[in-house]
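S.K.: Before anything else, here's the structure in question.
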Amino acid sequence: MNKPHDDRSLHGATALPEAFSRWFAARGWQPRDHQLDLLARTEAGSSVLLIAPTGAGKTLAGFMPSLVDLAQRGKRKPGAAGRGVHTLYISPLKALAVDIERNLTKPVTEMALPIAIETRTGDTPSSKRQRQRQMPPDILLTTPEQLSLLLASKDAERFFADLRFVVFDELHSLVTSKRGQLLSLALARLRRFVPDLRTIGLSATVAEPDQLRRWLVNQNPPGRMAELITVEGGAKPEITILDSVERVPWAGHSARYSVPEIYQSILDHKTTLLFVNTRSQAEFLFQELWHANEDNLPIALHHGSLDVAQRRRVEKAMETNSLRAIVATSTLDLGIDWGDVDLVVHVGAPKGASRLAQRIGRSNHRMDEPSRAILVPANRFEVLECRAALEANYLGAQDTPPIGEGGLDVLAQHVMGMACAEPFDADELYEEIISASPYAALTRETFDRVVDFVATGGYALKTYERFARIRQTKDGRWRVSHPSVAQQYRLNVGTIVEAPMLNLRLVGKRGRGRLMGGGALGKVEEYFIETLKQGDTFIFAGMVVRFEGIRENEAYVSHAPGADAFVPAYGGSKFPLSTYLASEVRAILADPRRWKSLPPQVAEWLTLQKLKSLLPGRDDLLIETFPRGKRFYLVAYPFAGRLAHQTLGMLLTRRMERGGARPMGFVATDYSMAIWGLRDMGEMHRSGELTFADLFDEDMLGDDLDAWLADSWLLKRTFRNCAVIAGLIERRHPGKEKTGRQVTVSADLIYDVLRSHDPDHILLQATRTDAASGLLDVRRLAEMLSRIRGRIVHKQLERISPLAVPIMLEIGKERVPGEADDVLLGETAESLIDEAMGTR
Amino acid sequence: MTATARDHASRFSATSESVVAGERMVCDVRGAIHFPEIGLLAVSDLHLEKGSRHARRGWLLPPYDTGATLEKLAGVIEDYRPKIVVSLGDSFDDVGGAARMPDIYRTRLLELMRGRDWIWVAGNHDPEKPADLPGGTVSELAVGPLVFRHEPSKGRLAGEIAGHLHPGARIVQRGRSVRRRCFASDGARLIMPAFGAFTGALNVLDRAFSDMFCPDNLVAYMMGDGRLYPMNRRLLHAD
């Protein structure tokens with residue numbers, strides 16, 4: 001962690017207590033500049049944001065002020081009152097907290113410091129939790145949810161009275177989510193207990209550090225930001241794009257072509273980490289490698305849906321360096337320090353450049369040696385994206401999503417928690433809440449509506465006064481009306497609303513098709529199972545399985561050896577192409593001089609496109625139209641990411657429908673979008689009947705968006721999350737669903753009723769805000785539409801262009817989730833009629 | 001897309017005529033059945049005041065479910081102008097439901113009841129007569145060849161109209177799954193969908209329905225947006 005350095009006498013080890021200097025000296029180390037710098041600034045009373053690459057001794061730096069302060073504090077006098085927690089460490093991952101406990105205990109033990117370090121996570125046994133309340137450790141390592149729970153308890157103020165430092169690890173990843181919003185509110189409460197609390201944020205490189213610097217300190221009123229310490233990265237990573245002798249496919253996400261070459265790389269290295277974007281890609285790659293594994297190398301699979309016991313086995317094997325390769329999804333993304341990885345292979349497009357940086361950081365966890373990484377694009381557009389990502393990484397460009405305004409659902413949960421802790425005064429709580437940076441702009445009126453929501457649901461129809469969860473007492477404070485309310489809060493705390501999951505169980509078939517019990521394979525999203533028919537095959541836990549049926553909350557599958565997986569492996573990319581990468585891809589596309597760095601087959605593809613159609617300029621939007629079969633196609637290339645394209649497709653088809661273009665359907669990828677219909681849209685544009693300028697006008701984000709949104713499944717899904725977080729509906733606890741579907745009230749039904757009877761309800765407001773920024777990516781779409789105004793380039797073609805081939809191959813394979821249910825009902829029922837009438 | 005939806009329009013409509021035990025009836029997409037010869041309209045499982053029942057337990061669901069359900073019921077009653085209305089059990093979500101009902105909704109319900117015979121069939125959620133409301137309460141009702149009761153009897157039984165199970169059906173088409181409430185009938189008996197705004201559905205292929213229908217004749221009339229889609233057993237999928 002700390003290697004010998006040159007002369008650092010400027011700071012020297014003298015600023016440190018003796019135990020520390022001795023410890024560093026005994027190892028032939030010196031404290032690093034940023035470690036001492038951070039110590040000095042916190043000693044001066046400041047909060048600090050430390051931005052440093054992986055392997056820079058960031059964690060030790062973050063704890064240095066606490067360790068030094070605790071070492072100097074001296075022993076508790078006999079008979080004196082017990083001490084509260086001195087330092088809180090908050091990590092986004094339970095596993096990270098456990099990891100840090102191990103890494104921190106080592107130096108503390110070696111220096112013989114009288115410091116108690118403990119973790120508190122969802123896995124901590126209740127006896128230990130009880131004991132921690134009575135006798136808190138000096139340093140408590142925990143998660144945002146556990147912190148909220150601690151703050152919602154009656155003795156919170158006493159528990160945190162002696163708090164000096166809060167260390168936030170992986171702050172860049174925490175702040176962009178609802179968890180980060182909840183955490184910011186928790187921090188506001190801690191600051192009320194301890195006004196001179198010092199915060200330390202540890203972060204990877206971000207585009208706008210000032211957002212994080214504000215996040216760390218009081219914003220009511222906004223004073224100085226937290227101080228910034230930046231550590232420059234060490235050796236540049238050696239990244240290459242797989243230069244395959246095989247043909248890179250036009251479309252698809254499997255990267256099957258590359259498996260022999262990936263296998264060779266595994267053979268050539270000690271330990272290889274293979275990252276993919278989705279669980280199904282991980283399953284697919286693992287299986288393909290298994291087929292190629294003639295040397296019987298120990299290769300393992302790791303993703304969040306696998307059974308916990310299986311994941312632990314893999315992690316254990318990684319720690320002991322007994323694996324040659326691990327295929328993993330983002331479960332292994334954050335800075336957990338395992339094993340001696342000397343190669344990272346990234347299969348599929350890396351999407352955001354900062355994701356890439358994070359993942360490459362995995363290999364060779366020592367800052368001064370270069371990491372080695374190979375990017376493996378799964379199709380030709382991904383070749384362009386990998387190229388762009390690669391250049392971006394060298395440029396050090398980083399893009400993290402901006403920290404949005406705090407959600408009202410999150411606020412509602414927090415307000416309830418605060419009432420559980422102690423009766424609150426609304427004026428005081430409001431002042432406290434706007435000290436958190438995501439809520440700095442919250443108006444008093446909105447805050448009051450949230451309190452009203454927490455109390456009686458906030459409905460225009462006031463019929464729930466007698467069921468109020470919190471009530472005002474005579475002195476004006478809000479108090480929980482019944483202990484069961486606090487109990488309900490505790491069971492539903494947190495902002496992570498998992499997609500409903502089903503346990504996947506392997507069963508064998510016994511006589512008369514009866515299913516006999518078998519082992520748990522892991523968990524799978526309910527929405528995925530929903531699309532399956534009995535007998536459909538898919539890949540899970542590295543094998544092909546056949547779907548047999550669902551009982552309660554378990555999905556049954558049986559072995560299907562030798563069968564081909566029928567269900568397409570790819571469930572869609574979770575991470576949209578970042579704005580920065582998209583613009584880089586367009587730049588490469590527009591500039592033939594840059595094609596030299598591309599594999600010859602990809603350069604050829606682009607040359608052909610130039611010949612047959614045209615290549616758009618960096619800021620242009622290319623639209624191609626051509627006939628094919630009995631239909632007319634329109635393909636646009638906005639490069640705005642799949643979510644934004646899906647929203648665009650929905651809105652465009654609505655407009656075309658109105659304009660008489662008779663669209664039949666559309667499909668969207670990260671790079672382009674295709675619409676097909678019964679009329680020639682290119683001709684309509686040329687004749688002026690329906691011009692593309694009108695079609696792509698920004699005003700589609702007004703009424704059209706509102707109208708479509710109103711009954712979009714996307715909004716319903718978002719509503720469900722908001723309703724769970726806000727405490728309107730019960731969180732589904734896996735494995736504890738006692739009742740069947742017909743008994744629980746589904747969020748969809750609540751949404752429908754609420755929308756028609758109380759359209760301005762605060763939860764609907766929260767839902768619309770969420771959907772616009774999340775699943776719909778309206779912000780991206782708006783940026784794109786404004787960028788291409790007056791820059792649409794149309795090419796009317798006789799036939800499909802080379803650039804259009806990838807998306808045309810997606811048609812039919814793609815599930816279009818937005819398509820109206822009634823169309824599907826109609827089709828299904830018609831198949832029956834057609835059969836009866838002999839038309840089929 | 002919408003263009004295709006329009007193409008289907010000619011073939012499917014908001015009502016579907018069929019025959020149960022020889023009696024002509026109309027299934028309405030809103031979840032009601034009407035017997036024109038008798039002038040009888042039946043709805044089942046209104047589960048009024050389900051929202052407030054949850055509210056009592058600390059889950060403040062919107063208090064509009066009763067209003068939404070009654071508005072839908074008013075629409076059906078206005079269209080068919082029945083002489084008799086049968087509410088086939090679980091009219092209220094619990095025994096205290098009728099007493100909790102806000103006055104605006106009580107007034108609305110009384111308006112709907114005025115001038116016609118109204119029969120509350122007892123259900124498992126509301127075994128007693130609803131508080132302070134007119135209408136007769138019975139455990140079951142026989143009309144000609146038909147018997148109306150809340151819980152369907154086991155085995156195949158001709159002429160029974162029941163509710164309780166909240167039938168729903170599921171199809172899988174083009175990689176998408178659609179689940180809707182439905183009327184379930186094999187021509188001999190009928191199980192009605194739940195009418196209430198907050199009521200869910202149980203798949204007709206679930207064990208709870210086993211042996212109730214002649215499988216070859218089972219049709220699920222799935223409730224789409226404004227249209228009913230008849231599906232036979234072969235097109236349906238279990239959950």
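By convention in this document, the chains of the structure tokens carry letters A, B, ... by their order, each chain's residues are numbered from 1, and ligands are numbered from 1 in the order they are shown.
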List every residue of range 5-238 of chain B that DSSP, applied to the backbone of this structure, assigns to alpha helix (DSSP H), and report them as a VMD selection string.
M.R.: chain B and resid 5 to 9 50 to 56 65 to 80 97 to 100 103 to 113
S.K.: Which polymer residues have any atom within 8 Å of an atom of range 53-67 of chain B, counting only C-alpha atoms, with same-chain residues fewer than 4 positions away left out, as number ranges by chain?
M.R.: A: 456-457, 459, 461, 463-464, 467-469, 485, 488, 727-730, 750, 753-754, 757; B: 48-49, 71, 93-94, 97, 105, 196-198
S.K.: At a cut-off of 6 Å, using only C-alpha atoms, what residues contact Pro193 in chain B? Leave out same-chain residues fewer than 6 positions from it and give the result as a list in words.
M.R.: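 Near neighbours after the sequence-gap exclusion: His166, Pro167, Arg181, Cys182 and Phe183 of chain B.
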S.K.: Taking N, CA, C and O atoms for each residue, export the selection above as a PDB file, in the first residue's frame.
M.R.:
ATOM      1  N   HIS B 166     -61.331 -14.424  -8.505  1.00  0.00           N
ATOM      2  CA  HIS B 166     -60.696 -13.354  -9.289  1.00  0.00           C
ATOM      3  C   HIS B 166     -59.951 -13.907 -10.510  1.00  0.00           C
ATOM      4  O   HIS B 166     -58.732 -13.726 -10.623  1.00  0.00           O
ATOM      5  N   PRO B 167     -60.624 -14.585 -11.404  1.00  0.00           N
ATOM      6  CA  PRO B 167     -59.882 -15.201 -12.507  1.00  0.00           C
ATOM      7  C   PRO B 167     -59.147 -14.181 -13.378  1.00  0.00           C
ATOM      8  O   PRO B 167     -59.624 -13.075 -13.608  1.00  0.00           O
ATOM      9  N   ARG B 181     -57.461  -9.579 -16.245  1.00  0.00           N
ATOM     10  CA  ARG B 181     -58.607 -10.232 -15.634  1.00  0.00           C
ATOM     11  C   ARG B 181     -59.455 -10.854 -16.740  1.00  0.00           C
ATOM     12  O   ARG B 181     -59.406 -10.412 -17.885  1.00  0.00           O
ATOM     13  N   CYS B 182     -60.244 -11.843 -16.380  1.00  0.00           N
ATOM     14  CA  CYS B 182     -61.083 -12.461 -17.413  1.00  0.00           C
ATOM     15  C   CYS B 182     -62.339 -13.078 -16.818  1.00  0.00           C
ATOM     16  O   CYS B 182     -62.415 -13.341 -15.623  1.00  0.00           O
ATOM     17  N   PHE B 183     -63.328 -13.276 -17.668  1.00  0.00           N
ATOM     18  CA  PHE B 183     -64.447 -14.156 -17.358  1.00  0.00           C
ATOM     19  C   PHE B 183     -63.991 -15.556 -17.743  1.00  0.00           C
ATOM     20  O   PHE B 183     -63.361 -15.727 -18.788  1.00  0.00           O
TER      21      PHE B 183
END
S.K.: Which residues of chain A come within 6 Å of chain B, and what is each one's closest atom pair and distance in Å (one decimal), counting only C-alpha atoms, sorted by chain and residue number, as JSON lines?
M.R.:
{"residue": "A:Gly457", "atom": "CA", "partner": "B:Leu60", "partner_atom": "CA", "distance": 5.5}
{"residue": "A:Phe467", "atom": "CA", "partner": "B:Arg56", "partner_atom": "CA", "distance": 5.5}
{"residue": "A:Glu530", "atom": "CA", "partner": "B:Ser177", "partner_atom": "CA", "distance": 6.0}
{"residue": "A:Thr531", "atom": "CA", "partner": "B:Ser177", "partner_atom": "CA", "distance": 5.1}
{"residue": "A:Ile550", "atom": "CA", "partner": "B:Asp239", "partner_atom": "CA", "distance": 5.9}
{"residue": "A:Met664", "atom": "CA", "partner": "B:Met1", "partner_atom": "CA", "distance": 5.3}
{"residue": "A:Gly665", "atom": "CA", "partner": "B:Met1", "partner_atom": "CA", "distance": 5.6}
{"residue": "A:Leu728", "atom": "CA", "partner": "B:Trp59", "partner_atom": "CA", "distance": 5.7}
{"residue": "A:Gln742", "atom": "CA", "partner": "B:Gly200", "partner_atom": "CA", "distance": 4.4}
{"residue": "A:Val745", "atom": "CA", "partner": "B:Phe198", "partner_atom": "CA", "distance": 5.8}
{"residue": "A:Leu749", "atom": "CA", "partner": "B:Phe198", "partner_atom": "CA", "distance": 5.9}
{"residue": "A:Asp822", "atom": "CA", "partner": "B:Gly224", "partner_atom": "CA", "distance": 5.8}
{"residue": "A:Val823", "atom": "CA", "partner": "B:Ala5", "partner_atom": "CA", "distance": 5.2}
{"residue": "A:Gly826", "atom": "CA", "partner": "B:His8", "partner_atom": "CA", "distance": 5.9}
{"residue": "A:Ala829", "atom": "CA", "partner": "B:Met231", "partner_atom": "CA", "distance": 5.8}
S.K.: Output the selection as an mmCIF file, in the first residue's frame - N, CA and C atoms for each residue.
M.R.:
data_model
loop_
_atom_site.group_PDB
_atom_site.id
_atom_site.type_symbol
_atom_site.label_atom_id
_atom_site.label_comp_id
_atom_site.auth_asym_id
_atom_site.auth_seq_id
_atom_site.Cartn_x
_atom_site.Cartn_y
_atom_site.Cartn_z
ATOM 1 N N GLY A 457 -51.216 10.530 3.882
ATOM 2 C CA GLY A 457 -51.230 10.144 2.480
ATOM 3 C C GLY A 457 -51.247 11.327 1.533
ATOM 4 N N PHE A 467 -56.515 7.700 10.513
ATOM 5 C CA PHE A 467 -55.476 6.678 10.345
ATOM 6 C C PHE A 467 -54.072 7.297 10.303
ATOM 7 N N GLU A 530 -41.589 -13.890 -16.655
ATOM 8 C CA GLU A 530 -42.900 -13.562 -17.221
ATOM 9 C C GLU A 530 -42.963 -13.785 -18.727
ATOM 10 N N THR A 531 -41.832 -13.625 -19.391
ATOM 11 C CA THR A 531 -41.862 -13.721 -20.847
ATOM 12 C C THR A 531 -41.705 -15.166 -21.320
ATOM 13 N N ILE A 550 -43.984 -21.912 -12.264
ATOM 14 C CA ILE A 550 -43.795 -21.118 -11.050
ATOM 15 C C ILE A 550 -44.727 -21.615 -9.965
ATOM 16 N N MET A 664 -45.675 1.066 -38.372
ATOM 17 C CA MET A 664 -46.077 -0.257 -37.865
ATOM 18 C C MET A 664 -45.298 -0.649 -36.607
ATOM 19 N N GLY A 665 -44.091 -0.144 -36.484
ATOM 20 C CA GLY A 665 -43.297 -0.539 -35.332
ATOM 21 C C GLY A 665 -41.933 0.119 -35.381
ATOM 22 N N LEU A 728 -45.611 3.989 0.783
ATOM 23 C CA LEU A 728 -47.031 3.853 0.455
ATOM 24 C C LEU A 728 -47.408 2.381 0.346
ATOM 25 N N GLN A 742 -53.470 -12.429 -5.931
ATOM 26 C CA GLN A 742 -54.821 -11.860 -5.915
ATOM 27 C C GLN A 742 -55.098 -11.079 -4.642
ATOM 28 N N VAL A 745 -52.351 -5.604 -3.283
ATOM 29 C CA VAL A 745 -52.814 -4.585 -4.215
ATOM 30 C C VAL A 745 -51.629 -4.180 -5.076
ATOM 31 N N LEU A 749 -52.384 -0.899 -10.204
ATOM 32 C CA LEU A 749 -53.778 -0.520 -9.954
ATOM 33 C C LEU A 749 -53.833 0.778 -9.148
ATOM 34 N N ASP A 822 -52.805 -4.561 -25.810
ATOM 35 C CA ASP A 822 -53.986 -4.942 -26.569
ATOM 36 C C ASP A 822 -53.646 -5.462 -27.955
ATOM 37 N N VAL A 823 -52.559 -4.960 -28.524
ATOM 38 C CA VAL A 823 -52.162 -5.465 -29.834
ATOM 39 C C VAL A 823 -51.833 -6.950 -29.709
ATOM 40 N N GLY A 826 -54.946 -8.957 -29.218
ATOM 41 C CA GLY A 826 -55.647 -9.060 -30.494
ATOM 42 C C GLY A 826 -55.006 -10.102 -31.380
ATOM 43 N N ALA A 829 -55.666 -13.697 -30.004
ATOM 44 C CA ALA A 829 -57.036 -14.129 -30.216
ATOM 45 C C ALA A 829 -57.307 -14.333 -31.698
#
S.K.: Using only C-alpha atoms, which residues sit within 10 Å of Gly407 in chain A once same-chain residues fewer than 2 positions away are excluded, as a PyMOL selection string?
M.R.: chain A and resi 177-178+181-182+404-405+409-412+438-439+722+725-726+763+765-767+769-770
